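A.B. asks: Below you will find the structure I want to go over with you.
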Amino acid sequence: MARARRYLGELSRRVGILDGYVDISGKRVVPTSDVAREALLSVMGMDAPTEDAARGWLAELTHEARSELVAPVRVVARDDRSARGVPVQLPPGLHEADVEITLTEEAGHTWRSSARVRRRAVIGFPTRVPYGYHHVVAIARHGLTELRAEQSLIVVPSRCVTPDMLFRGGRMGIVANLYATKREHDWGVGDLTTLMLLVEWAGARGASFVGVNPLHALYNRGMDISPYSPVTRLFRNPLYIDVEVVPELQHSDAARALLAADATRHEIAQLRAAPMVGYDRAIDLKMRVLTALHETFRSRAGTTGASRARDYLDFVRLREPELTRFATWMAIAESAGVPDWRQWPAPMQRPDDDAVAAFRDANAARVDLHRWLQYELHRQLGEVATRARTLGMEIGVYQDLAIGTSGGGSDTWTFPELFLRGASVGAPPDPYSALGQNWGLPPMDPRALRQQSYRYWIQLLRRGFEHAGALRIDHVMGLFRSFWIPDGATGRDGAYMRFPAGDLLGILALESVRHDALVVGEDLGVVPKEVPPALRKWGILSSKVLYFERDRRGFRPAKRYPPLSLATANTHDMAPIAGFWSGRDIDLRKQVGLVADAKDVKRAREERAVDKKSLLRLLGIAALPSFDTGHFVRTLTGAVHEFLCSSPAKLVGLSFDDLIAEQEPVNVPGVGPDKYPIWRRRTRMTVEEAGWSFEVDDTIRCASRRGPARR
């Protein structure tokens, strides 16, 4: 048996690799192997094939930590005693010095204090530092020696905004997959006018919010259509622009001619009639018209369009340099026909290379087009948020932040020091996947994230909270730890990497308070024991899904749902209620090969029969002779909604798919588009048709959750 490597273990723990994890059974501890440690350290740039190498890296990290005059970044709650000053340590060899601290607050106020320091001390601030992002400069002087260091000081509240801060009681809302949701005059895909109609429809029925899938930018072609694997999480998908409400349309003869052309009208009619979203065709058609509209925008910038041009410049300025890098990435991807920078010529793989600058200059109009598309998305989404407020919706639009980003996308190109190559994020083995799950998403280096003072995380939250009254954090456990799988290996060879959860949650609370918005953490699956109390401490709502809320006796009663939660019947990865009742999801799993053995299929159907009986008991519904009729499914759905709304959960989300009795899911986890049209299925009913349907209205059943806000 190979002897455990002491220094390799110490080095792994120092950088955050956990010694092991408790498996899904909650009983067995799976230790991290030395092979996994060595592979993941190599991914982080620390090759340690021998104990001497590991000991050398440990010495380097120790020297680096001891040489810091002040920590490069601190996240501290304002009410914490440690927020009253800054810890200072003198580097090795310097035993005493005069240290001056300059604090520049985010608002621009400057404060100074100083002290004689022997080895280490805490130098107090002459003021109580407010919430925000501040800058600290420390200068240590001793004789001819002068040392200077800087710190990002982030002062945060103790909690996120909670429902009790916004309203009494609980609230109900509608959740929908925007790309899948139809309206009468769309272009074959849901857009921001569709969202406007959803908000108006939901608001008229007492809803406080409308939740949607992540609106992050996608390439929208081929396989690059998953809202949970975007090319960037910092910017949005131009596919959601409603071309026909862009202000430049009334001034653009070229764009109006394109819209009036028979070929265009025919293409739109075909896209609208299709049962699946045609991403490639829809984005190509929209981009032709949007390009003409952008040309009109630029031509009017110095005259009648000057006011909009000034707004645009302000929009760009507040998002640089990330916005121009994203726009450049898009222009290069279009030119190369490859949405993966790892396959571009070597000079184009580096955003700071002269070749990239030359390309950007030579294609300035195309780069500006992609910036302008983000501006128009921002404007249209803002109109939706304004409409929600006008209707009195306490929360309004509820947005979604995906867990990760595409390995070849804009974010990894823009932040090469932050995203690592040589491993992927995934999940360890469980009864459903003996080898674990590899999600194909590049891991973020927690050390690099801290070294950049969490800029990427801050930008993610600011973009996510824009025009939103609530933000869902997909796989919130990723703020605590992330499962890394080395390339070429399986989940059996992976390990968990620890993340600075306290810092990340503190920044989340700061942005929540600044945007006056709630936070929901998607905490489904294997949840480490430290996560639930941390979510409660920070005021983050957990996710409670009817299908999963069970004990040995069956489905849990409504009173067992915690108040600080969002309760739903299902998620985008599950069958709608109608599909659950009919067993359509079991048929699909058999069809795509996830359940191949006839015995497994039979067992799944038997388990579903038990679940259905348990659900009827929970809802107090007596057995009916016509169990499989559409009328009964609507009765069942209404009863489910009534049950959820009777729970203590502060928020209840009703799926638009459930309200209109969809059978097919939008996603089948673990299956590619070659076996099932994931992320493409459109709703069988338009928003307008739902608005005319008494049956849909009767299925909502949440009258107890309507009421005035307490703002």
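Chains: A, B, ... in order of the structure tokens. Residues: from 1 per chain. Ligands: from 1, in order shown.
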Would you mind writing down, as a compact mmCIF listing (two decimals) with N, CA and C atoms, in the first residue's frame, each residue of stretch 168-348 of chain A that DSSP on the backbone assigns to strand (DSSP E)?
C.D. replies:
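Saved file out.txt follows:
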# COMPACT_ATOMS: atom_id res chain seq x y z
N ARG A 171 -45.96 35.50 -0.68
CA ARG A 171 -46.33 35.98 -2.01
C ARG A 171 -46.22 34.86 -3.04
N MET A 172 -47.03 34.97 -4.08
CA MET A 172 -47.06 34.02 -5.17
C MET A 172 -46.54 34.67 -6.44
N GLY A 173 -45.90 33.85 -7.29
CA GLY A 173 -45.45 34.35 -8.58
C GLY A 173 -45.48 33.25 -9.63
N ILE A 174 -45.18 33.63 -10.84
CA ILE A 174 -45.17 32.70 -11.98
C ILE A 174 -43.73 32.52 -12.43
N VAL A 175 -43.34 31.28 -12.73
CA VAL A 175 -42.01 31.01 -13.27
C VAL A 175 -42.17 30.42 -14.66
N ALA A 176 -41.31 30.85 -15.57
CA ALA A 176 -41.45 30.43 -16.97
C ALA A 176 -40.09 30.33 -17.63
N PHE A 209 -44.35 38.34 -8.64
CA PHE A 209 -43.14 38.24 -9.45
C PHE A 209 -43.37 37.31 -10.64
N VAL A 210 -42.49 37.46 -11.63
CA VAL A 210 -42.38 36.51 -12.74
C VAL A 210 -40.91 36.10 -12.82
N GLY A 211 -40.64 34.82 -12.63
CA GLY A 211 -39.28 34.31 -12.69
C GLY A 211 -38.98 33.70 -14.04
N VAL A 212 -37.76 33.90 -14.51
CA VAL A 212 -37.37 33.38 -15.82
C VAL A 212 -36.03 32.64 -15.72
N HIS A 216 -28.53 34.95 -19.84
CA HIS A 216 -27.15 35.15 -20.25
C HIS A 216 -26.96 34.95 -21.75
N ALA A 217 -25.92 35.58 -22.27
CA ALA A 217 -25.63 35.51 -23.70
C ALA A 217 -25.23 34.10 -24.12
N THR A 232 -21.09 33.92 -21.70
CA THR A 232 -20.77 34.86 -20.62
C THR A 232 -21.95 34.95 -19.68
N ARG A 233 -21.67 35.16 -18.41
CA ARG A 233 -22.74 35.43 -17.44
C ARG A 233 -22.85 36.92 -17.14
N LEU A 234 -21.99 37.72 -17.75
CA LEU A 234 -21.99 39.16 -17.49
C LEU A 234 -22.95 39.92 -18.40
N PHE A 235 -23.32 39.33 -19.53
CA PHE A 235 -24.16 40.04 -20.50
C PHE A 235 -25.27 39.12 -20.99
N ARG A 236 -26.25 39.71 -21.69
CA ARG A 236 -27.48 39.00 -22.00
C ARG A 236 -27.57 38.59 -23.47
A.B. asks: Can you check which parts of stretch 334-451 of chain A lie within 10 Å of stretch 284-302 of chain A? Per residue, the shortest pair of atoms and distance in Å to one decimal, counting only C-alpha atoms, sorted by chain and number, as CSV.
C.D. replies:
residue,atom,partner,partner_atom,distance
A:Ala365,CA,A:Glu295,CA,8.5
A:Arg366,CA,A:Thr291,CA,8.6
A:Asp368,CA,A:His294,CA,8.7
A:Leu369,CA,A:His294,CA,6.2
A:His370,CA,A:His294,CA,9.5
A:Trp372,CA,A:His294,CA,7.3
A:Leu373,CA,A:Leu290,CA,8.1
A.B. asks: Excluding stretch 674-681 of chain A and its own-chain neighbours fewer than 4 positions away, which residues fall within 6 Å of it when counting only C-alpha atoms? Please give them as a PyMOL selection string.
C.D. replies: chain A and resi 276-277+592+666-667
A.B. asks: Could you give me, as a PyMOL selection string, each residue of stretch 204-357 of chain A that DSSP assigns to helix (DSSP H, G or I) when run on this structure's backbone?
C.D. replies: chain A and resi 238-240+243-245+247-251+253-260+262-273+279-300+306-317+322-336+341-343+346-349+354-357
A.B. asks: Pick out the closest residue to A:Asn220 from this set: A:Met330, A:Val156, A:Leu616, A:Leu510. Count only C-alpha atoms.
C.D. replies: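 With only C-alpha atoms as the atom set, the closest residue is A:Met330.
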A.B. asks: Figure out the distance between atom CA of A:Leu505 and atom CA of A:Pro157, please, to one decimal in Å.
C.D. replies: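 Distance reported for this atom pair: 10.2 Å.
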A.B. asks: Which one is closest to A:Leu178: A:Gly132, A:Gly203, A:Pro227, A:Pro87? Count only C-alpha atoms.
C.D. replies: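 Of A:Gly132, A:Gly203, A:Pro227, A:Pro87, the one nearest A:Leu178, counting only C-alpha atoms, is A:Pro227.
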A.B. asks: When distances are computed from only C-alpha atoms, which of A:Ala269, A:Arg325, A:Val633, A:Ala649 shows the smallest separation from A:Gly170?
C.D. replies: A:Ala649
A.B. asks: Between atom CA of A:Val246 and atom CA of A:Glu376, what is the distance, to one decimal in Å?
C.D. replies: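 Between atom CA of A:Val246 and atom CA of A:Glu376 the gap works out to 7.4 Å.
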A.B. asks: Calculated over only C-alpha atoms, which of the candidates A:Met444, A:Leu258, A:Leu508, A:Leu479 has the smallest distance to A:Leu420?
C.D. replies: A:Met444
A.B. asks: So the first atom is atom CA of A:Trp484 and the second is atom CA of A:Val520; what is the distance between them in Å, to one decimal place?
C.D. replies: 24.4 Å
A.B. asks: Which neighbours of A:Arg701 fall inside 7 Å, counting only C-alpha atoms, when residues of the same chain fewer than 4 positions from it are skipped, and could you give them as a VMD selection string?
C.D. replies: chain A and resid 638 641 to 642
A.B. asks: Please provide the set of residues having any atom within 6 Å of stretch 421-428 of chain A, restricted to only C-alpha atoms, with same-chain residues fewer than 2 positions apart removed, written as number ranges by chain.
C.D. replies: A: 43, 436-443, 483-487, 491
A.B. asks: If you count only C-alpha atoms, which residues fall within 12 Å of stretch 408-412 of chain A, apart from same-chain ones fewer than 2 positions away, as number ranges by chain?
C.D. replies: A: 216-219, 224, 229-235, 322-333, 338-344, 349-351, 404-406, 414-421, 440-445, 456-457, 459-460
